[in-house]
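Novice: Input target_10.cif, format and content: mmCIF, C-alpha atoms.
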data_work
loop_
_atom_site.label_atom_id
_atom_site.label_comp_id
_atom_site.auth_asym_id
_atom_site.auth_seq_id
_atom_site.Cartn_x
_atom_site.Cartn_y
_atom_site.Cartn_z
CA MET M 1 115.34 100.93 126.99
CA ARG M 2 118.69 102.23 128.13
CA GLU M 3 119.59 102.65 131.78
CA THR M 4 120.09 106.27 132.75
CA ARG M 5 120.57 108.33 135.88
CA ARG M 6 117.48 109.65 137.62
CA LEU M 7 118.16 113.37 137.61
CA LEU M 8 114.80 114.90 138.37
CA ARG M 9 113.23 112.82 141.10
CA THR M 10 111.26 114.74 143.72
CA PRO M 11 113.57 115.54 146.69
CA THR M 12 110.91 115.65 149.36
CA GLY M 13 110.30 113.78 152.57
CA PRO M 14 108.56 110.41 152.72
CA ALA M 15 105.47 111.91 154.33
CA LEU M 16 104.77 114.20 151.38
CA LEU M 17 105.56 111.55 148.77
CA ALA M 18 103.30 109.04 150.49
CA ALA M 19 100.45 111.54 150.62
CA LEU M 20 100.81 112.56 146.97
CA ALA M 21 101.07 108.94 145.84
CA LEU M 22 97.87 108.16 147.72
CA GLY M 23 96.15 111.12 146.04
CA ALA M 24 97.32 109.96 142.63
CA ALA M 25 96.10 106.44 143.20
CA SER M 26 92.73 107.66 144.48
CA ALA M 27 92.27 109.90 141.46
CA CYS M 28 92.93 107.07 139.01
CA SER M 29 90.84 104.38 140.68
CA ASN M 30 87.25 104.00 141.84
CA GLU M 31 88.22 101.52 144.54
CA GLU M 32 88.04 102.71 148.13
CA GLU M 33 91.53 103.31 149.50
CA PRO M 34 92.48 102.78 153.14
CA ALA M 35 93.19 105.89 155.20
CA PRO M 36 96.83 106.95 155.09
CA PRO M 37 98.93 106.07 158.13
CA GLU M 38 99.61 108.84 160.58
CA GLN M 39 102.74 110.78 159.76
CA GLU M 40 104.72 112.93 162.13
CA ASN M 41 105.93 116.44 161.46
CA ILE M 42 103.50 117.22 158.64
CA PRO M 43 102.90 121.00 158.81
CA GLU M 44 99.62 122.68 158.00
CA THR M 45 99.01 123.49 154.33
CA ASP M 46 99.31 127.26 154.80
CA GLU M 47 102.67 126.86 156.57
CA ILE M 48 104.48 124.42 154.30
CA PRO M 49 107.06 125.51 151.73
CA ASP M 50 106.59 124.57 148.09
CA PRO M 51 106.81 120.77 148.02
CA GLY M 52 109.29 120.60 145.15
CA LEU M 53 107.40 118.49 142.62
CA SER M 54 109.44 118.02 139.46
CA GLY M 55 109.90 116.07 136.25
CA LEU M 56 107.98 116.24 132.97
CA VAL M 57 104.69 117.97 133.78
CA PHE M 58 101.39 118.10 131.87
CA PHE M 59 98.18 120.06 132.35
CA HIS M 60 94.98 118.15 131.50
CA HIS M 61 91.45 119.29 130.76
CA ALA M 62 89.01 116.69 129.48
CA ASP M 63 85.43 115.82 130.29
CA HIS M 64 85.35 118.63 132.88
CA GLU M 65 88.33 117.22 134.76
CA PHE M 66 91.36 119.45 135.42
CA PHE M 67 94.60 118.11 136.83
CA LEU M 68 98.38 117.89 136.52
CA THR M 69 100.48 114.78 136.02
CA PHE M 70 104.17 114.52 136.93
CA HIS M 71 106.34 111.97 135.11
CA ASP M 72 109.84 110.60 135.53
CA PRO M 73 111.63 111.87 132.39
CA GLU M 74 113.88 108.80 132.35
CA ASP M 75 111.12 106.28 131.62
CA GLY M 76 107.84 108.26 131.38
CA SER M 77 106.35 106.61 134.47
CA LEU M 78 103.68 108.47 136.43
CA ASP M 79 105.00 109.95 139.66
CA THR M 80 101.80 111.59 140.85
CA ARG M 81 98.57 113.30 139.83
CA VAL M 82 97.41 116.59 141.38
CA SER M 83 93.89 117.95 140.93
CA VAL M 84 93.29 121.57 139.87
CA GLN M 85 89.53 121.08 139.86
CA ASP M 86 88.60 123.24 142.86
CA LEU M 87 90.63 126.21 141.62
CA VAL M 88 89.21 125.99 138.09
CA LEU M 89 85.62 125.88 139.37
CA THR M 90 86.25 128.82 141.69
CA ALA M 91 87.80 130.82 138.83
CA GLU M 92 84.79 129.99 136.68
CA GLU M 93 82.44 131.32 139.37
CA ASP M 94 84.51 134.49 139.84
CA THR M 95 84.70 135.27 136.13
CA GLY M 96 81.68 133.80 134.41
CA GLY M 97 83.55 133.54 131.12
CA PHE M 98 86.77 131.92 132.31
CA ASP M 99 88.01 129.29 129.88
CA PRO M 100 90.12 126.78 131.84
CA ALA M 101 91.18 125.19 128.56
CA ARG M 102 93.61 128.11 128.25
CA SER M 103 96.12 126.58 130.63
CA GLU M 104 98.48 129.51 130.12
CA GLU M 105 96.10 131.55 132.31
CA ILE M 106 96.99 129.29 135.24
CA THR M 107 100.49 129.91 136.59
CA PHE M 108 102.31 127.55 138.95
CA SER M 109 105.12 128.45 141.31
CA PRO M 110 108.56 126.80 141.19
CA GLY M 111 108.08 123.48 142.94
CA PHE M 112 104.32 123.62 142.15
CA GLY M 113 103.35 124.46 145.72
CA HIS M 114 101.15 127.40 144.68
CA THR M 115 99.09 128.47 141.70
CA VAL M 116 97.52 131.77 140.63
CA THR M 117 94.79 132.58 138.12
CA PRO M 118 93.53 136.04 137.07
CA THR M 119 89.76 136.40 137.44
CA ASP M 120 87.29 139.28 137.36
CA GLY M 121 87.48 139.34 141.15
CA GLY M 122 91.27 139.55 141.34
CA LEU M 123 94.15 137.08 141.44
CA LEU M 124 92.93 133.72 142.71
CA LEU M 125 95.76 132.22 144.78
CA GLY M 126 95.81 128.51 145.53
CA ALA M 127 98.09 126.19 147.48
CA ILE M 128 98.59 122.46 147.26
CA ASP M 129 96.96 120.30 149.90
CA GLU M 130 99.38 117.38 150.08
CA GLN M 131 96.87 115.14 151.86
CA ARG M 132 94.34 115.45 149.03
CA ALA M 133 96.89 115.86 146.21
CA ALA M 134 94.86 118.87 145.10
CA TYR M 135 95.06 122.65 144.97
CA GLU M 136 92.67 124.62 147.14
CA GLN M 137 91.91 128.34 147.40
CA VAL M 138 94.00 130.45 149.79
CA THR M 139 92.68 133.93 149.00
CA THR M 140 91.84 136.34 146.19
CA ILE M 141 94.27 139.25 145.90
CA ALA M 142 92.42 142.33 144.69
CA PRO M 143 92.98 146.11 144.90
CA THR M 144 91.12 147.91 147.68
CA ALA M 145 92.48 151.37 146.91
CA GLY M 146 94.58 152.93 144.20
CA PRO M 147 98.17 154.04 144.67
CA ASP M 148 99.05 157.46 145.98
CA PRO M 149 100.39 159.47 143.01
CA GLU M 150 102.63 161.40 145.42
CA GLY M 151 104.64 158.35 146.40
CA PRO M 152 105.03 154.77 145.13
CA GLY M 153 104.23 151.96 147.48
CA THR M 154 101.69 153.85 149.61
CA GLU M 155 97.93 153.65 149.78
CA GLY M 156 95.54 156.31 148.60
CA PRO M 157 92.28 156.82 146.68
CA ALA M 158 94.00 157.73 143.41
CA PHE M 159 91.50 155.72 141.35
CA GLU M 160 87.82 155.08 141.63
CA GLU M 161 86.64 151.60 142.59
CA GLY M 162 86.74 149.21 139.63
CA GLU M 163 89.32 151.19 137.67
CA VAL M 164 92.35 149.33 139.04
CA THR M 165 93.07 145.69 138.31
CA TYR M 166 95.86 143.25 139.13
CA GLU M 167 97.20 141.38 136.10
CA SER M 168 100.19 139.44 134.73
CA PRO M 169 101.08 137.50 137.90
CA GLN M 170 104.20 135.39 138.34
CA PHE M 171 106.12 133.84 141.20
CA SER M 172 109.62 134.73 142.33
CA PRO M 173 112.38 132.18 141.49
CA ASP M 174 112.32 130.69 145.00
CA GLY M 175 108.50 130.57 145.07
CA SER M 176 108.24 132.79 148.15
CA HIS M 177 106.58 135.87 146.60
CA LEU M 178 103.90 136.64 144.03
CA TRP M 179 104.48 139.62 141.72
CA PHE M 180 101.87 141.28 139.50
CA GLU M 181 101.09 144.37 137.47
CA GLU M 182 98.80 147.06 138.84
CA LYS M 183 96.88 148.40 135.85
CA ALA M 184 94.69 151.50 135.88
CA GLU M 185 91.90 151.93 133.36
CA GLY M 186 92.95 154.07 130.41
CA GLN M 187 96.55 154.45 131.49
CA GLY M 188 99.43 154.13 129.07
CA GLY M 189 103.18 154.00 129.37
CA SER M 190 104.25 151.99 132.38
CA SER M 191 102.52 150.16 135.20
CA ARG M 192 103.59 149.59 138.77
CA LEU M 193 104.74 146.13 139.79
CA LEU M 194 103.56 144.97 143.21
CA ALA M 195 104.41 141.91 145.27
CA VAL M 196 103.06 139.97 148.24
CA ASP M 197 104.84 137.50 150.49
CA LEU M 198 103.05 134.14 150.20
CA SER M 199 103.37 133.66 153.95
CA THR M 200 101.07 136.70 154.35
CA PRO M 201 99.22 136.99 151.01
CA GLU M 202 96.43 139.17 152.44
CA ALA M 203 98.85 141.91 153.49
CA GLN M 204 99.08 145.19 151.59
CA PRO M 205 101.12 144.60 148.39
CA GLU M 206 104.53 146.29 148.23
CA PHE M 207 105.81 148.38 145.33
CA VAL M 208 108.78 146.61 143.67
CA GLY M 209 109.29 148.40 140.35
CA GLU M 210 107.74 149.32 137.01
CA ALA M 211 107.17 147.65 133.64
CA PRO M 212 105.53 148.60 130.34
CA THR M 213 101.74 148.45 130.58
CA SER M 214 100.35 144.96 129.95
CA SER M 215 103.74 143.26 130.08
CA MET M 216 103.55 139.49 129.93
CA PRO M 217 105.12 137.64 132.86
CA ALA M 218 108.25 135.74 131.90
CA ALA M 219 106.54 132.50 132.94
CA GLN M 220 104.11 132.95 130.02
CA ALA M 221 106.58 134.34 127.48
CA GLU M 222 109.94 132.61 127.79
CA GLU M 223 110.23 129.49 125.59
CA GLU M 224 106.44 129.44 125.32
CA TRP M 225 106.14 128.36 121.71
CA ALA M 226 109.04 125.91 121.76
CA ASN M 227 108.28 124.39 125.15
CA ARG M 228 104.53 124.02 125.12
CA ASN M 229 103.34 124.45 121.53
CA THR M 230 100.28 126.26 122.81
CA ARG M 231 98.31 127.13 119.70
CA ASN M 232 97.17 130.60 118.63
CA LEU M 233 99.55 132.45 120.92
CA SER M 234 100.71 135.84 119.77
CA GLU M 235 104.36 136.77 120.00
CA PRO M 236 104.86 138.94 123.12
CA GLU M 237 105.81 142.60 122.70
CA ASN M 238 107.34 142.94 126.17
CA ALA M 239 107.68 140.96 129.36
CA TYR M 240 109.01 141.31 132.86
CA ALA M 241 111.10 138.82 134.81
CA ILE M 242 112.22 138.53 138.43
CA SER M 243 115.94 138.10 139.06
CA GLU M 244 117.42 135.77 141.67
CA ALA M 245 117.93 138.91 143.79
CA GLU M 246 114.18 139.64 143.35
CA GLU M 247 114.74 142.68 141.16
CA PRO M 248 112.53 143.41 138.11
CA THR M 249 113.99 143.02 134.63
CA VAL M 250 112.10 144.32 131.59
CA TYR M 251 112.44 142.66 128.17
CA THR M 252 111.24 144.38 125.01
CA GLU M 253 111.22 143.71 121.28
CA PRO M 254 114.73 144.15 119.86
CA GLU M 255 115.45 146.14 116.72
CA GLY M 256 117.52 143.36 115.14
CA THR M 257 116.22 140.56 112.94
CA ASN M 258 117.55 137.17 111.82
CA ASP M 259 117.04 134.93 108.82
CA ALA M 260 116.15 131.86 110.91
CA GLY M 261 112.78 133.17 112.12
CA LEU M 262 113.88 133.25 115.77
CA LYS M 263 111.57 135.37 117.94
CA PHE M 264 112.75 136.83 121.23
CA LEU M 265 112.74 139.76 123.62
CA ALA M 266 115.85 141.44 125.04
CA ASP M 267 116.95 143.39 128.10
CA ASP M 268 118.26 146.75 126.86
CA GLU M 269 120.67 147.11 129.78
CA THR M 270 122.40 143.73 129.68
CA GLY M 271 121.55 142.37 126.23
CA ASP M 272 120.13 139.23 127.84
CA ILE M 273 117.71 137.37 125.57
CA MET M 274 114.33 135.86 126.44
CA PRO M 275 113.59 133.27 123.72
CA TRP M 276 110.04 132.63 122.55
CA ASN M 277 110.21 129.98 119.80
CA PHE M 278 113.53 128.44 120.83
CA ILE M 279 115.11 127.68 124.22
CA ARG M 280 118.05 128.43 126.47
CA GLY M 281 120.88 125.92 126.58
CA GLY M 282 123.91 125.78 128.84
CA ASP M 283 126.65 128.39 129.31
CA GLY M 284 124.70 131.20 127.65
CA THR M 285 123.95 129.28 124.46
CA PHE M 286 120.58 128.67 122.83
CA ILE M 287 118.97 125.64 121.17
CA GLY M 288 116.45 125.66 118.36
CA PRO M 289 115.85 125.35 114.62
CA LEU M 290 117.92 127.52 112.30
CA ASP M 291 116.41 125.99 109.15
CA GLY M 292 113.39 128.32 109.05
CA SER M 293 111.05 126.01 111.00
CA ALA M 294 111.16 128.00 114.27
CA GLU M 295 107.50 129.05 113.95
CA GLU M 296 106.38 125.59 112.82
CA THR M 297 105.42 122.64 115.01
CA ASP M 298 107.72 120.14 113.28
CA HIS M 299 111.49 120.57 113.29
CA PRO M 300 113.67 118.36 111.05
CA GLU M 301 116.79 119.92 112.57
CA LEU M 302 117.91 121.53 115.84
CA SER M 303 121.12 123.45 116.45
CA VAL M 304 123.03 124.89 119.39
CA PHE M 305 124.18 128.48 118.82
CA ASP M 306 125.05 131.89 120.24
CA LEU M 307 122.74 134.85 119.69
CA THR M 308 123.04 138.58 120.36
CA ALA M 309 120.24 141.09 120.86
CA ASP M 310 120.70 142.48 117.34
CA GLY M 311 119.78 139.07 115.88
CA THR M 312 123.31 137.90 115.04
CA VAL M 313 123.62 134.09 115.13
CA SER M 314 127.12 132.64 115.56
CA ASP M 315 128.98 129.46 116.51
CA GLU M 316 126.07 127.38 115.28
CA GLU M 317 126.38 123.60 115.29
CA VAL M 318 123.74 121.10 114.19
CA LEU M 319 122.74 119.03 117.22
CA VAL M 320 119.85 116.90 115.94
CA GLU M 321 118.97 115.81 112.40
CA ALA M 322 115.48 114.32 112.27
CA GLU M 323 114.25 114.43 108.68
CA ASP M 324 112.30 111.16 108.99
CA ASN M 325 111.12 111.71 112.57
CA PRO M 326 110.71 115.48 113.15
CA VAL M 327 110.85 116.95 116.64
CA HIS M 328 107.61 118.44 117.96
CA ARG M 329 108.81 119.70 121.35
CA TYR M 330 112.12 119.86 123.13
CA TRP M 331 113.31 120.71 126.64
CA TYR M 332 116.78 121.34 128.04
CA ASP M 333 117.89 119.40 131.13
CA SER M 334 120.50 121.60 132.81
CA ASP M 335 121.46 118.92 135.35
CA GLY M 336 122.55 116.51 132.64
CA ASP M 337 123.39 119.00 129.84
CA ARG M 338 121.10 117.15 127.46
CA LEU M 339 117.94 117.64 125.45
CA LEU M 340 114.65 115.75 125.79
CA LEU M 341 112.94 115.42 122.40
CA LYS M 342 109.29 114.59 121.68
CA THR M 343 108.66 112.94 118.29
CA ASP M 344 105.87 110.88 116.76
CA ASP M 345 107.35 107.59 117.92
CA GLY M 346 108.57 108.50 121.39
CA TYR M 347 110.74 110.59 123.66
CA TYR M 348 114.51 110.72 123.10
CA TRP M 349 117.53 112.02 125.00
CA GLN M 350 120.20 113.89 123.06
CA GLU M 351 123.51 114.61 124.81
CA ILE M 352 124.76 118.13 124.05
CA ASP M 353 128.53 117.60 124.06
CA ALA M 354 128.85 113.86 123.59
CA GLY M 355 127.62 113.86 120.00
CA GLY M 356 126.05 110.76 118.50
CA GLU M 357 122.43 109.95 117.74
CA PRO M 358 119.48 110.56 120.08
CA GLU M 359 118.69 107.58 122.32
CA LEU M 360 115.13 106.42 122.93
CA ALA M 361 114.07 107.04 126.53
CA PHE M 362 110.50 105.68 126.29
CA ASP M 363 107.80 105.18 123.66
CA ALA M 364 104.94 106.90 125.47
CA LEU M 365 104.06 108.41 128.82
CA ASP M 366 102.38 106.21 131.40
CA PHE M 367 99.14 107.73 132.72
CA GLY M 368 98.06 104.67 134.70
CA ASP M 369 94.37 103.88 134.35
CA ASP M 370 93.44 107.48 133.58
CA GLU M 371 91.83 107.52 130.15
CA LEU M 372 91.44 111.31 130.20
CA ALA M 373 95.16 112.09 130.26
CA ASN M 374 97.37 112.82 127.24
CA ASP M 375 100.52 114.77 126.38
CA GLU M 376 98.86 117.62 124.48
CA LEU M 377 99.51 120.42 127.02
CA PRO M 378 103.00 120.14 128.49
CA LEU M 379 104.14 122.56 131.19
CA GLY M 380 107.74 121.60 130.57
CA LEU M 381 110.64 119.75 132.15
CA HIS M 382 111.12 121.02 135.70
CA ALA M 383 114.12 120.44 137.94
CA PRO M 384 113.59 120.11 141.69
CA LEU M 385 113.21 123.33 143.64
CA ASN M 386 116.46 124.01 145.49
#
I'd like the structure from this file rewritten - as structure tokens, please.
Specialist:
Amino acid sequence: MRETRRLLRTPTGPALLAALALGAASACSNEEEPAPPEQENIPETDEIPDPGLSGLVFFHHADHEFFLTFHDPEDGSLDTRVSVQDLVLTAEEDTGGFDPARSEEITFSPGFGHTVTPTDGGLLLGAIDEQRAAYEQVTTIAPTAGPDPEGPGTEGPAFEEGEVTYESPQFSPDGSHLWFEEKAEGQGGSSRLLAVDLSTPEAQPEFVGEAPTSSMPAAQAEEEWANRNTRNLSEPENAYAISEAEEPTVYTEPEGTNDAGLKFLADDETGDIMPWNFIRGGDGTFIGPLDGSAEETDHPELSVFDLTADGTVSDEEVLVEAEDNPVHRYWYDSDGDRLLLKTDDGYYWQEIDAGGEPELAFDALDFGDDELANDELPLGLHAPLN
């Protein structure tokens, strides 16, 4: 195995890392572990910022166990394991028909400090307890009164109880706010977007903009097919994203088409593209198959290219040729300007500009002694939260 730089290690303090490592060890072993040593300056769970977990992340559901694993993308080693069990069981109680196997219904914040799940009772918000290496419930965000039709962002009994729901949640880029769609029964056209500050999640939500009714959050639309290979997902018709300045951006189906089978949404104002079955690369480029296999799960070839909102592909260059070992999933590492490839016989790194053949990083992920874990449901390659 080649020696490479460790680009995506978790940049958190020793207290947090020690606590998470202890949680991971406890989850994977039946032996009694000694109590963790006292650590200074560990804030309470509801006061801590997102802890900044990173790396190659997987969601697991097997034998009624639900958890995340975080792996070093350089060698596949297990960094830590975080339980989602309490949140899944609470969501199941709140909904009655909630299927936790649909991991796309569970959204995690940048840095993985918080999680949110839509239920019949509202948006179930959770936060990580670093001492237990587990997510626990914070609150359920639910409408108490409809909006005042005379002015956005104010309260008022515009709808009867039960006619308003909160849907399509996603976190802001810095993980400090939760946005969601306010949907009224029978309404068409557009919906209001509301937001709460995670430091005061029980406060009255604030009006932040509008989006087409039933827009998918960007977290569940962008690169979804290419990144996670979640089966039986329908191509999104529209989605909303949150800019770095915390402004809403709406993406809709473009009028243009392309011969490569690339599926995407576009921002009408800027022409920015949100890819669905391919991914963003560096410097405004995109990476994906142009050989017609974009909607398949095996890719014998990947290219880097430019793309406009009318479907025009240009400046394409073949990046990976893998006829005998097709690529199943692929993730872009912006820190190293390289591509992580998942194939039948292992994980490979492909440099974007250096050329040459992909280099084997590791044969298989290390899940420790956990026999329930596998790499079937990836949440992607995540850089540390800045």
Novice: Ranking M:Glu269, M:Glu246, M:Glu321, M:Glu136 by minimum distance to Asp291 (chain M) and counting only C-alpha atoms, which one comes first?
Specialist: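 Among the listed residues, M:Glu321 lies closest to Asp291 (chain M).
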Novice: Enter the distance from CA of Asp267 (chain M) to CA of Thr252 (chain M), in Å, rounded to one decimal.
Specialist: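 That distance, rounded to one decimal, is 6.6 Å.
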Novice: If you apply the PyMOL selection byres ((chain M and resi 348-362) around 8) to this file, what residues do you get, as an MDAnalysis selection string?
Specialist: chainID M and resid 1:2 73:76 319:320 337:343 346:347 363:365
Novice: Convert the output of the PyMOL selection byres ((chain M and resi 113-122) around 9) on the shown file into explicit residues, formatted as an MDAnalysis selection string.
Specialist: chainID M and resid 48:53 87:88 91:92 94:96 98 105:112 123:129 135 140:143 165:171 175 178 198
Novice: So which residues get picked by the PyMOL selection byres ((chain M and resi 299) around 6) here, written as a PyMOL selection string?
Specialist: chain M and resi 293+298+300-301+326-327
